[in-house]
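Novice: This is the content of query37.cif (mmCIF, C-alpha atoms):
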data_upload
loop_
_atom_site.group_PDB
_atom_site.id
_atom_site.type_symbol
_atom_site.label_atom_id
_atom_site.label_comp_id
_atom_site.auth_asym_id
_atom_site.auth_seq_id
_atom_site.Cartn_x
_atom_site.Cartn_y
_atom_site.Cartn_z
ATOM 1 C CA MET A 472 -1.107 -13.572 -12.328
ATOM 2 C CA ARG A 473 -2.914 -10.276 -12.661
ATOM 3 C CA ALA A 474 -0.338 -8.785 -10.339
ATOM 4 C CA THR A 475 -0.930 -5.267 -11.604
ATOM 5 C CA ARG A 476 -4.569 -5.245 -10.627
ATOM 6 C CA LEU A 477 -3.723 -6.726 -7.280
ATOM 7 C CA ALA A 478 -1.264 -4.015 -6.474
ATOM 8 C CA TYR A 479 -3.606 -1.206 -7.436
ATOM 9 C CA THR A 480 -6.446 -2.524 -5.428
ATOM 10 C CA ALA A 481 -4.169 -3.186 -2.570
ATOM 11 C CA VAL A 482 -2.832 0.320 -2.166
ATOM 12 C CA LEU A 483 -4.794 3.157 -3.616
ATOM 13 C CA LEU A 484 -7.695 5.501 -3.032
ATOM 14 C CA PRO A 485 -12.204 7.924 -3.876
ATOM 15 C CA ILE A 486 -13.194 10.147 -6.667
ATOM 16 C CA ILE A 487 -10.593 12.873 -7.177
ATOM 17 C CA LEU A 488 -12.290 16.225 -7.579
ATOM 18 C CA SER A 489 -9.392 18.608 -7.919
ATOM 19 C CA THR A 490 -11.614 21.338 -9.308
ATOM 20 C CA ALA A 491 -13.811 21.257 -6.203
ATOM 21 C CA PRO A 492 -11.515 21.763 -3.188
ATOM 22 C CA ALA A 493 -14.473 22.137 -0.845
ATOM 23 C CA ILE A 494 -15.032 18.377 -1.110
ATOM 24 C CA ALA A 495 -12.779 16.416 1.226
ATOM 25 C CA VAL A 496 -10.329 14.036 -0.432
ATOM 26 C CA PRO A 497 -8.551 11.370 1.629
ATOM 27 C CA VAL A 498 -5.008 12.335 2.498
ATOM 28 C CA LEU A 499 -3.003 9.621 0.781
ATOM 29 C CA GLN A 500 0.458 8.946 2.111
ATOM 30 C CA PRO A 501 3.209 8.732 -0.526
ATOM 31 C CA HIS A 502 5.157 5.622 0.379
ATOM 32 C CA ARG A 503 7.145 2.578 -0.645
ATOM 33 C CA ALA A 504 5.900 -0.758 0.694
ATOM 34 C CA VAL A 505 7.688 -4.102 0.439
ATOM 35 C CA TYR A 506 5.835 -7.404 0.862
ATOM 36 C CA ASP A 507 7.161 -10.950 1.195
ATOM 37 C CA LEU A 508 5.106 -13.402 -0.872
ATOM 38 C CA SER A 509 4.485 -17.062 -0.060
ATOM 39 C CA LEU A 510 2.175 -19.886 -1.095
ATOM 40 C CA ASP A 511 -0.969 -20.228 1.006
ATOM 41 C CA LYS A 512 -2.490 -23.316 -0.623
ATOM 42 C CA ALA A 513 -2.659 -25.011 -4.020
ATOM 43 C CA SER A 514 -4.869 -27.697 -5.531
ATOM 44 C CA ASP A 515 -3.452 -30.830 -7.145
ATOM 45 C CA ARG A 516 -4.735 -29.522 -10.484
ATOM 46 C CA SER A 517 -2.508 -26.442 -10.274
ATOM 47 C CA GLY A 518 0.652 -28.532 -10.056
ATOM 48 C CA ILE A 519 2.176 -25.858 -7.832
ATOM 49 C CA THR A 520 4.288 -27.075 -4.927
ATOM 50 C CA GLY A 521 5.751 -23.787 -3.745
ATOM 51 C CA ILE A 522 5.788 -20.009 -4.288
ATOM 52 C CA SER A 523 8.114 -17.404 -2.849
ATOM 53 C CA GLY A 524 8.812 -13.841 -3.882
ATOM 54 C CA ARG A 525 8.582 -10.161 -3.186
ATOM 55 C CA MET A 526 6.292 -7.302 -4.174
ATOM 56 C CA VAL A 527 7.435 -3.670 -4.092
ATOM 57 C CA TYR A 528 4.886 -0.880 -4.458
ATOM 58 C CA GLU A 529 5.798 2.806 -4.661
ATOM 59 C CA PHE A 530 3.091 5.478 -4.638
ATOM 60 C CA ASN A 531 3.591 9.227 -5.194
ATOM 61 C CA GLY A 532 1.411 12.183 -6.111
ATOM 62 C CA SER A 533 -1.363 14.473 -4.951
ATOM 63 C CA PRO A 534 -4.992 15.400 -5.769
ATOM 64 C CA CYS A 535 -3.642 18.377 -7.746
ATOM 65 C CA ASP A 536 -0.798 16.786 -9.685
ATOM 66 C CA GLY A 537 -2.100 13.264 -10.249
ATOM 67 C CA TYR A 538 -0.713 9.946 -9.065
ATOM 68 C CA THR A 539 2.249 7.836 -10.140
ATOM 69 C CA VAL A 540 2.648 4.182 -9.198
ATOM 70 C CA LYS A 541 5.730 2.021 -9.695
ATOM 71 C CA PHE A 542 5.229 -1.619 -8.984
ATOM 72 C CA ARG A 543 7.310 -4.779 -9.187
ATOM 73 C CA PHE A 544 6.098 -8.314 -8.543
ATOM 74 C CA VAL A 545 8.730 -11.097 -8.537
ATOM 75 C CA THR A 546 7.886 -14.741 -7.836
ATOM 76 C CA GLN A 547 9.642 -18.071 -7.985
ATOM 77 C CA ILE A 548 7.095 -20.776 -8.734
ATOM 78 C CA ASN A 549 7.846 -24.441 -8.142
ATOM 79 C CA ALA A 550 5.600 -26.809 -10.088
ATOM 80 C CA ASN A 551 6.303 -30.536 -10.122
ATOM 81 C CA ASP A 552 9.928 -30.805 -11.291
ATOM 82 C CA THR A 553 10.267 -27.309 -12.756
ATOM 83 C CA THR A 554 11.015 -23.854 -11.357
ATOM 84 C CA ARG A 555 9.988 -20.615 -13.056
ATOM 85 C CA LEU A 556 10.989 -17.059 -12.182
ATOM 86 C CA THR A 557 8.479 -14.359 -13.126
ATOM 87 C CA ASP A 558 9.096 -10.617 -12.895
ATOM 88 C CA GLN A 559 6.395 -8.054 -13.644
ATOM 89 C CA GLN A 560 7.318 -4.347 -13.709
ATOM 90 C CA THR A 561 4.601 -1.711 -14.055
ATOM 91 C CA THR A 562 4.528 2.097 -14.112
ATOM 92 C CA THR A 563 1.278 4.082 -14.309
ATOM 93 C CA PHE A 564 0.108 7.676 -14.132
ATOM 94 C CA GLU A 565 -3.448 8.801 -13.405
ATOM 95 C CA ASP A 566 -4.232 12.465 -13.887
ATOM 96 C CA ALA A 567 -5.706 14.509 -11.054
ATOM 97 C CA GLU A 568 -9.226 14.552 -12.509
ATOM 98 C CA GLY A 569 -9.293 10.811 -13.129
ATOM 99 C CA LYS A 570 -9.885 11.280 -16.864
ATOM 100 C CA THR A 571 -6.641 9.861 -18.292
ATOM 101 C CA PHE A 572 -4.651 6.802 -17.284
ATOM 102 C CA SER A 573 -1.334 5.790 -18.869
ATOM 103 C CA PHE A 574 0.345 2.461 -18.231
ATOM 104 C CA VAL A 575 3.289 0.303 -19.237
ATOM 105 C CA THR A 576 3.912 -3.239 -18.028
ATOM 106 C CA LYS A 577 6.861 -5.487 -18.854
ATOM 107 C CA SER A 578 6.643 -9.161 -17.929
ATOM 108 C CA PHE A 579 9.732 -11.367 -17.779
ATOM 109 C CA VAL A 580 9.949 -15.146 -17.460
ATOM 110 C CA ASP A 581 13.319 -16.522 -16.372
ATOM 111 C CA GLN A 582 14.791 -13.047 -17.082
ATOM 112 C CA ASP A 583 13.616 -13.023 -20.730
ATOM 113 C CA LEU A 584 11.051 -10.432 -21.831
ATOM 114 C CA ASP A 585 7.792 -12.311 -22.343
ATOM 115 C CA LYS A 586 5.319 -9.470 -22.917
ATOM 116 C CA GLU A 587 5.030 -5.685 -22.937
ATOM 117 C CA VAL A 588 1.747 -3.780 -22.755
ATOM 118 C CA LYS A 589 1.748 0.011 -23.138
ATOM 119 C CA GLY A 590 -1.060 2.475 -23.721
ATOM 120 C CA THR A 591 -3.307 5.282 -22.529
ATOM 121 C CA ALA A 592 -6.975 5.230 -21.584
ATOM 122 C CA HIS A 593 -9.202 8.305 -21.899
ATOM 123 C CA LYS A 594 -12.669 8.813 -20.487
ATOM 124 C CA GLU A 595 -15.174 9.939 -23.087
ATOM 125 C CA VAL A 596 -18.901 10.628 -23.002
ATOM 126 C CA GLY A 597 -20.535 7.292 -22.230
ATOM 127 C CA GLY A 598 -17.407 5.161 -22.389
ATOM 128 C CA LEU A 599 -13.674 4.583 -22.272
ATOM 129 C CA LYS A 600 -11.220 4.734 -25.183
ATOM 130 C CA VAL A 601 -7.997 2.758 -24.827
ATOM 131 C CA GLU A 602 -5.168 3.510 -27.268
ATOM 132 C CA LEU A 603 -2.537 0.769 -27.213
ATOM 133 C CA ASP A 604 1.044 1.200 -28.446
ATOM 134 C CA LYS A 605 2.250 -2.295 -27.464
ATOM 135 C CA PRO A 606 2.197 -5.209 -28.072
ATOM 136 C CA GLU A 607 0.768 -3.634 -31.246
ATOM 137 C CA ARG A 608 -1.084 -0.451 -32.102
ATOM 138 C CA ASN A 609 -4.795 -0.801 -31.504
ATOM 139 C CA THR A 610 -7.813 1.121 -30.216
ATOM 140 C CA VAL A 611 -10.346 -0.478 -27.876
ATOM 141 C CA GLU A 612 -13.735 0.957 -26.910
ATOM 142 C CA LEU A 613 -14.972 -0.089 -23.468
ATOM 143 C CA SER A 614 -17.864 0.738 -21.160
ATOM 144 C CA ALA A 615 -17.666 3.691 -18.795
ATOM 145 C CA THR A 616 -15.727 2.903 -15.641
ATOM 146 C CA GLN A 617 -13.154 4.301 -13.234
ATOM 147 C CA PHE A 618 -9.384 4.043 -12.820
ATOM 148 C CA PRO A 619 -7.444 2.534 -9.885
ATOM 149 C CA THR A 620 -6.982 5.714 -7.849
ATOM 150 C CA GLN A 621 -10.675 6.507 -8.074
ATOM 151 C CA HIS A 622 -11.564 2.919 -7.261
ATOM 152 C CA LEU A 623 -9.702 2.937 -3.964
ATOM 153 C CA VAL A 624 -10.600 6.462 -2.984
ATOM 154 C CA GLU A 625 -14.214 5.412 -3.391
ATOM 155 C CA LEU A 626 -13.483 2.414 -1.180
ATOM 156 C CA ILE A 627 -11.984 4.561 1.590
ATOM 157 C CA GLY A 628 -14.941 6.949 1.386
ATOM 158 C CA LYS A 629 -17.491 4.138 1.714
ATOM 159 C CA ALA A 630 -15.537 2.531 4.548
ATOM 160 C CA GLU A 631 -15.533 5.837 6.445
ATOM 161 C CA LYS A 632 -19.337 5.998 6.027
ATOM 162 C CA GLY A 633 -19.766 2.468 7.353
ATOM 163 C CA GLU A 634 -20.983 0.968 4.062
ATOM 164 C CA ASN A 635 -20.281 -2.757 4.147
ATOM 165 C CA PHE A 636 -21.057 -3.929 0.599
ATOM 166 C CA TYR A 637 -21.181 -2.401 -2.870
ATOM 167 C CA GLU A 638 -20.454 -3.159 -6.529
ATOM 168 C CA THR A 639 -18.492 -1.053 -8.980
ATOM 169 C CA SER A 640 -16.111 -1.459 -11.944
ATOM 170 C CA LEU A 641 -12.466 -0.869 -12.803
ATOM 171 C CA PHE A 642 -9.999 -0.470 -15.673
ATOM 172 C CA ASP A 643 -6.332 -0.715 -14.660
ATOM 173 C CA GLY A 644 -4.438 -1.672 -17.824
ATOM 174 C CA SER A 645 -3.552 -5.129 -16.563
ATOM 175 C CA GLU A 646 -3.223 -8.272 -18.686
ATOM 176 C CA ASP A 647 -4.068 -7.227 -22.291
ATOM 177 C CA ALA A 648 -5.587 -3.857 -21.267
ATOM 178 C CA ASN A 649 -8.811 -4.680 -23.097
ATOM 179 C CA LYS A 650 -11.272 -5.378 -20.282
ATOM 180 C CA VAL A 651 -13.368 -3.657 -17.663
ATOM 181 C CA MET A 652 -13.732 -5.706 -14.491
ATOM 182 C CA THR A 653 -16.776 -5.647 -12.227
ATOM 183 C CA THR A 654 -15.839 -5.723 -8.557
ATOM 184 C CA THR A 655 -17.897 -6.635 -5.523
ATOM 185 C CA VAL A 656 -16.467 -5.160 -2.341
ATOM 186 C CA VAL A 657 -17.075 -6.246 1.260
ATOM 187 C CA VAL A 658 -15.792 -3.945 4.029
ATOM 188 C CA GLY A 659 -15.582 -5.008 7.680
ATOM 189 C CA LYS A 660 -15.754 -2.858 10.774
ATOM 190 C CA PRO A 661 -12.675 -0.765 11.671
ATOM 191 C CA GLU A 662 -10.096 -2.478 13.851
ATOM 192 C CA LEU A 663 -6.760 -1.779 15.543
ATOM 193 C CA ALA A 664 -3.623 -3.882 15.256
ATOM 194 C CA GLY A 665 -2.998 -6.214 18.185
ATOM 195 C CA LYS A 666 0.351 -6.475 19.949
ATOM 196 C CA ASP A 667 0.886 -9.860 18.296
ATOM 197 C CA ASP A 668 0.339 -8.501 14.750
ATOM 198 C CA PRO A 669 3.365 -9.772 12.756
ATOM 199 C CA GLU A 670 3.359 -6.657 10.547
ATOM 200 C CA LEU A 671 3.533 -4.266 13.509
ATOM 201 C CA PRO A 672 7.332 -3.755 13.334
ATOM 202 C CA ALA A 673 7.096 -2.629 9.695
ATOM 203 C CA LEU A 674 4.188 -0.287 10.452
ATOM 204 C CA ALA A 675 6.206 1.649 13.079
ATOM 205 C CA LYS A 676 4.313 4.872 13.921
ATOM 206 C CA LEU A 677 1.319 3.767 11.846
ATOM 207 C CA GLY A 678 0.809 0.783 14.137
ATOM 208 C CA SER A 679 -1.864 2.579 16.170
ATOM 209 C CA ASP A 680 -3.919 3.626 13.112
ATOM 210 C CA LYS A 681 -7.262 1.981 12.418
ATOM 211 C CA TYR A 682 -7.791 -0.246 9.407
ATOM 212 C CA TRP A 683 -10.677 -2.022 7.677
ATOM 213 C CA PRO A 684 -10.696 -5.681 6.617
ATOM 214 C CA VAL A 685 -11.602 -5.676 2.903
ATOM 215 C CA ASP A 686 -12.491 -8.458 0.461
ATOM 216 C CA ILE A 687 -12.822 -7.782 -3.284
ATOM 217 C CA ALA A 688 -13.996 -10.246 -5.959
ATOM 218 C CA TYR A 689 -13.268 -9.545 -9.647
ATOM 219 C CA PHE A 690 -15.577 -10.525 -12.506
ATOM 220 C CA ASP A 691 -14.981 -10.123 -16.245
ATOM 221 C CA GLU A 692 -17.783 -7.942 -17.698
ATOM 222 C CA SER A 693 -17.405 -9.558 -21.118
ATOM 223 C CA GLU A 694 -18.299 -12.996 -19.773
ATOM 224 C CA LYS A 695 -21.736 -12.180 -18.384
ATOM 225 C CA ASP A 696 -24.229 -14.763 -19.655
ATOM 226 C CA GLY A 697 -27.127 -14.374 -17.266
ATOM 227 C CA GLY A 698 -26.064 -17.301 -15.081
ATOM 228 C CA GLU A 699 -24.271 -17.402 -11.766
ATOM 229 C CA GLU A 700 -20.743 -16.156 -12.203
ATOM 230 C CA MET A 701 -17.623 -17.232 -10.408
ATOM 231 C CA PRO A 702 -15.000 -14.533 -9.801
ATOM 232 C CA HIS A 703 -11.795 -14.680 -11.815
ATOM 233 C CA TYR A 704 -9.993 -14.105 -8.550
ATOM 234 C CA ARG A 705 -10.397 -12.352 -5.225
ATOM 235 C CA ILE A 706 -8.171 -10.538 -2.797
ATOM 236 C CA SER A 707 -8.462 -9.606 0.848
ATOM 237 C CA PHE A 708 -6.353 -7.138 2.810
ATOM 238 C CA LYS A 709 -6.240 -4.635 5.644
ATOM 239 C CA LEU A 710 -6.795 -1.092 4.403
ATOM 240 C CA HIS A 711 -5.558 1.948 6.331
ATOM 241 C CA GLU A 712 -7.292 5.293 5.873
ATOM 242 C CA ASN A 713 -4.133 6.827 4.339
ATOM 243 C CA GLY A 714 -4.175 4.291 1.458
ATOM 244 C CA LEU A 715 -1.706 1.738 2.845
ATOM 245 C CA THR A 716 -2.698 -1.914 2.446
ATOM 246 C CA ARG A 717 -1.185 -4.956 4.125
ATOM 247 C CA ASP A 718 -1.782 -8.575 5.158
ATOM 248 C CA LEU A 719 -2.701 -9.508 1.581
ATOM 249 C CA MET A 720 -4.403 -12.722 0.508
ATOM 250 C CA MET A 721 -4.606 -13.356 -3.249
ATOM 251 C CA ASP A 722 -6.898 -16.197 -4.324
ATOM 252 C CA TYR A 723 -6.681 -17.326 -7.970
ATOM 253 C CA GLY A 724 -8.923 -20.370 -7.587
ATOM 254 C CA ASP A 725 -6.446 -23.219 -8.069
ATOM 255 C CA PHE A 726 -3.978 -21.585 -5.700
ATOM 256 C CA SER A 727 -3.624 -18.661 -3.324
ATOM 257 C CA MET A 728 -0.710 -16.690 -1.894
ATOM 258 C CA THR A 729 -0.106 -14.242 0.916
ATOM 259 C CA GLY A 730 1.748 -10.935 1.011
ATOM 260 C CA LYS A 731 3.106 -9.729 4.346
ATOM 261 C CA LEU A 732 4.386 -6.173 4.846
ATOM 262 C CA VAL A 733 8.073 -6.313 5.827
ATOM 263 C CA ASN A 734 9.303 -2.783 5.113
ATOM 264 C CA LEU A 735 7.619 0.614 4.819
ATOM 265 C CA SER A 736 9.155 3.964 3.834
ATOM 266 C CA LEU A 737 7.021 7.093 4.167
ATOM 267 C CA PHE A 738 7.724 10.002 1.807
ATOM 268 C CA ASP A 739 6.985 13.657 2.431
ATOM 269 C CA PRO A 740 3.540 14.516 1.036
ATOM 270 C CA ALA A 741 3.167 17.194 -1.609
ATOM 271 C CA PRO A 742 2.347 20.669 -0.208
ATOM 272 C CA GLN A 743 -1.388 21.191 0.134
ATOM 273 C CA LYS A 744 -2.765 23.769 -2.266
ATOM 274 C CA THR A 745 -5.905 24.775 -4.106
ATOM 275 C CA CYS A 746 -5.721 22.759 -7.277
ATOM 276 C CA ASN A 747 -7.335 25.213 -9.666
ATOM 277 C CA GLN A 748 -4.972 28.055 -8.907
#
What would the structure in this file look like if it were written as structure tokens?
Specialist:
Amino acid sequence: MRATRLAYTAVLLPIILSTAPAIAVPVLQPHRAVYDLSLDKASDRSGITGISGRMVYEFNGSPCDGYTVKFRFVTQINANDTTRLTDQQTTTFEDAEGKTFSFVTKSFVDQDLDKEVKGTAHKEVGGLKVELDKPERNTVELSATQFPTQHLVELIGKAEKGENFYETSLFDGSEDANKVMTTTVVVGKPELAGKDDPELPALAKLGSDKYWPVDIAYFDESEKDGGEEMPHYRISFKLHENGLTRDLMMDYGDFSMTGKLVNLSLFDPAPQKTCNQ
């Protein structure tokens, strides 16, 4: 279900320039967020009659030391007369300069290991080199792009400037880790949570912070044929300026699901320092 990409887009950060401390970098809050998942709607063609589950996202790191993400996405899917339990577990590390991105994802179906993808992506002149260890050793050459932390930091930066629409690209190691996705991003005007916001109890002291409504559509670069493209999927969410995302809507075409923030733990941020010392 492309859960890895969803989680990254739903909780990260702009371009990390650790060697240039004079340039402001968003202060990203290390945290652990828990979301309850449920079915929004499903077409008859999907065969899906119900979805429930939970997503847990843990973010740690700093502009000097790089960023670590641990993510788990568990769903129970009811389709016709069958029930399937899926469990995706992902750990990634993105270095402070945004040049190297390592990832490992294990996917389980009904508690049995279904797939494991592990590798490292390196930025090179004019492109991206992905070295895969699993499911088998392989090297993939892709077009130049950015990693998840850069992708969201860019988003926060553009939102702060009032930019409402832009297009960019992303590699996040999801699925078979062999694609760069083009993303079109729509950012709404900043808002404040209302007293009737169902996620307000989980937000606690962050409840008075502003957020932006964001919608992102994902397109597969390898499928461009000159005609009008339909996105592989799209997500919408509320983005806080410290990197927290909530009120998720994940649309996969034949079905969509929601993710509501139910628990939030804030960790102490890393001490601020000059990164090149």
Novice: Ranking A:Trp683, A:Phe574, A:Tyr704, A:Phe579 by minimum distance to Glu602 of chain A and counting all atoms listed in the file, which one comes first?
Specialist: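 Closest residue, counting all atoms listed in the file: A:Phe574.
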Novice: Could you give me, as a list in words, the residues within 7 Å of Asp566 of chain A, counting all atoms listed in the file and dropping anything in the same chain fewer than 4 positions from it?
Specialist: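 Selected residues are Asp536, Gly537, Tyr538, Lys570, Thr571 and Phe572 of chain A.
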Novice: For Glu670 of chain A, list every protein, DNA or RNA residue within 9 Å, evaluated using only C-alpha atoms, and leave out those in the same chain fewer than 3 positions away; present the list as a list of chain:residue names.
Specialist: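 So the residues in contact are A:Ala664, A:Asp667, A:Ala673, A:Leu674, A:Gly678, A:Arg717, A:Asp718, A:Lys731, A:Leu732, A:Val733, A:Asn734.
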Novice: Limited to C-alpha atoms, could you put the picked residues into a file as a short mmCIF file (atom, residue, chain, number, x, y, z; two decimals), in the frame of the given file?
Specialist:
data_model
loop_
_atom_site.label_atom_id
_atom_site.label_comp_id
_atom_site.auth_asym_id
_atom_site.auth_seq_id
_atom_site.Cartn_x
_atom_site.Cartn_y
_atom_site.Cartn_z
CA ALA A 664 -3.62 -3.88 15.26
CA ASP A 667 0.89 -9.86 18.30
CA ALA A 673 7.10 -2.63 9.70
CA LEU A 674 4.19 -0.29 10.45
CA GLY A 678 0.81 0.78 14.14
CA ARG A 717 -1.18 -4.96 4.12
CA ASP A 718 -1.78 -8.57 5.16
CA LYS A 731 3.11 -9.73 4.35
CA LEU A 732 4.39 -6.17 4.85
CA VAL A 733 8.07 -6.31 5.83
CA ASN A 734 9.30 -2.78 5.11
#
Novice: Could you check which of A:Cys535, A:Ser514, A:Arg555, A:Leu677 is closest to Gly724 of chain A, using all atoms listed in the file?
Specialist: A:Ser514
Novice: At a cut-off of 6 Å, using all atoms listed in the file, what residues contact Ser509 of chain A? Leave out same-chain residues fewer than 6 positions from it and give the result as a PyMOL selection string.
Specialist: chain A and resi 522-523+728-729
Novice: Once the PyMOL selection byres ((chain A and resi 613) around 9) has been applied to the shown file, what residues remain in the selection, as a tab-separated table (two decimals) with C-alpha atoms, in the frame of the given file?
Specialist:
chain	number	residue	atom	x	y	z
A	598	GLY	CA	-17.41	5.16	-22.39
A	599	LEU	CA	-13.67	4.58	-22.27
A	600	LYS	CA	-11.22	4.73	-25.18
A	601	VAL	CA	-8.00	2.76	-24.83
A	611	VAL	CA	-10.35	-0.48	-27.88
A	612	GLU	CA	-13.74	0.96	-26.91
A	614	SER	CA	-17.86	0.74	-21.16
A	615	ALA	CA	-17.67	3.69	-18.80
A	616	THR	CA	-15.73	2.90	-15.64
A	649	ASN	CA	-8.81	-4.68	-23.10
A	650	LYS	CA	-11.27	-5.38	-20.28
A	651	VAL	CA	-13.37	-3.66	-17.66
Novice: Given the file above and the PyMOL selection byres ((chain A and resi 510) around 12), which residues are selected, and can you give them as a ChimeraX atom specification?
Specialist: /A:507-509,511-514,519-525,546-550,719-723,725-731
Novice: Provide an axis-aligned box for all listed atoms of segment 654-663 of chain A, padding each side by 6 Å; report its centre and its edge lengths in Å to one decimal, as AutoDock Vina command-line options.
Specialist:
--center_x -12.3 --center_y -3.7 --center_z 3.5 --size_x 23.1 --size_y 17.9 --size_z 36.1
Novice: Given the file above and the PyMOL selection byres ((chain A and resi 687) around 12), which residues are selected, and can you give them as an MDAnalysis selection string?
Specialist: chainID A and resid 476:477 480:481 622:623 626 635:641 652:659 684:686 688:690 702:710 719:722
Novice: Distance atom CA of Gly714 of chain A-atom CA of Tyr682 of chain A, one decimal place?
Specialist: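 Interatomic distance here is 9.8 Å.
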Novice: For atom CA of Lys632 of chain A and atom CA of His711 of chain A, quote the distance in Å rounded to one decimal.
Specialist: 14.4 Å
Novice: In terms of the shortest atom-to-atom distance over all atoms listed in the file, which of A:Glu587, A:Glu692, A:Lys681, A:Leu499 is closest to Gly644 of chain A?
Specialist: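 Among the listed residues, A:Glu587 lies closest to Gly644 of chain A.
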Novice: For a test of reading the model, state the distance in Å between atom CA of Phe530 of chain A and atom CA of Asp647 of chain A, rounded to one decimal.
Specialist: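 Separating atom CA of Phe530 of chain A from atom CA of Asp647 of chain A is a distance of 22.9 Å.
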Novice: May I ask which of the residues A:Thr539, A:Ser736, A:Ser645, A:Thr716 is the closest one to Thr620 of chain A, counting all atoms listed in the file?
Specialist: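 Once distances to Thr620 of chain A are computed over all atoms listed in the file, the minimum belongs to A:Thr539.
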Novice: Do a neighbour search on Thr576 of chain A at 12 Å with all atoms listed in the file, toss out local chain neighbours closer than 6 positions, and write the hits as a VMD selection string.
Specialist: chain A and resid 473 to 476 540 to 544 558 to 563 584 to 590 603 to 606 643 to 648
Novice: Rank nothing, just name the residue among A:Glu712, A:Asp691, A:Pro740, A:Ser679 nearest to Glu625 of chain A, using only C-alpha atoms.
Specialist: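 For Glu625 of chain A, the nearest of the candidates is A:Glu712.
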Novice: Any chance you could model N, CA and C atoms for segment 574-591 of chain A and send them as a compact mmCIF listing (two decimals), in the coordinates of the input?
Specialist:
# COMPACT_ATOMS: atom_id res chain seq x y z
N PHE A 574 -0.19 3.65 -18.87
CA PHE A 574 0.34 2.46 -18.23
C PHE A 574 1.36 1.78 -19.14
N VAL A 575 2.35 1.15 -18.53
CA VAL A 575 3.29 0.30 -19.24
C VAL A 575 3.69 -0.83 -18.30
N THR A 576 3.57 -2.05 -18.81
CA THR A 576 3.91 -3.24 -18.03
C THR A 576 4.83 -4.14 -18.84
N LYS A 577 5.94 -4.53 -18.24
CA LYS A 577 6.86 -5.49 -18.85
C LYS A 577 6.88 -6.75 -17.99
N SER A 578 6.66 -7.88 -18.63
CA SER A 578 6.64 -9.16 -17.93
C SER A 578 7.80 -10.02 -18.41
N PHE A 579 8.57 -10.53 -17.46
CA PHE A 579 9.73 -11.37 -17.78
C PHE A 579 9.52 -12.77 -17.21
N VAL A 580 9.95 -13.77 -17.94
CA VAL A 580 9.95 -15.15 -17.46
C VAL A 580 11.38 -15.67 -17.57
N ASP A 581 11.92 -16.08 -16.43
CA ASP A 581 13.32 -16.52 -16.37
C ASP A 581 14.26 -15.49 -17.01
N GLN A 582 13.99 -14.21 -16.70
CA GLN A 582 14.79 -13.05 -17.08
C GLN A 582 14.66 -12.67 -18.57
N ASP A 583 13.85 -13.38 -19.33
CA ASP A 583 13.62 -13.02 -20.73
C ASP A 583 12.29 -12.28 -20.85
N LEU A 584 12.28 -11.20 -21.64
CA LEU A 584 11.05 -10.43 -21.83
C LEU A 584 10.00 -11.31 -22.49
N ASP A 585 8.88 -11.47 -21.83
CA ASP A 585 7.79 -12.31 -22.34
C ASP A 585 6.69 -11.48 -22.98
N LYS A 586 6.44 -10.27 -22.42
CA LYS A 586 5.32 -9.47 -22.92
C LYS A 586 5.48 -8.03 -22.46
N GLU A 587 5.07 -7.10 -23.31
CA GLU A 587 5.03 -5.68 -22.94
C GLU A 587 3.70 -5.10 -23.39
N VAL A 588 3.03 -4.44 -22.47
CA VAL A 588 1.75 -3.78 -22.76
C VAL A 588 1.89 -2.31 -22.39
N LYS A 589 1.59 -1.42 -23.35
CA LYS A 589 1.75 0.01 -23.14
C LYS A 589 0.60 0.74 -23.81
N GLY A 590 0.03 1.73 -23.12
CA GLY A 590 -1.06 2.48 -23.72
C GLY A 590 -1.58 3.57 -22.81
N THR A 591 -2.65 4.21 -23.26
CA THR A 591 -3.31 5.28 -22.53
C THR A 591 -4.81 5.14 -22.67
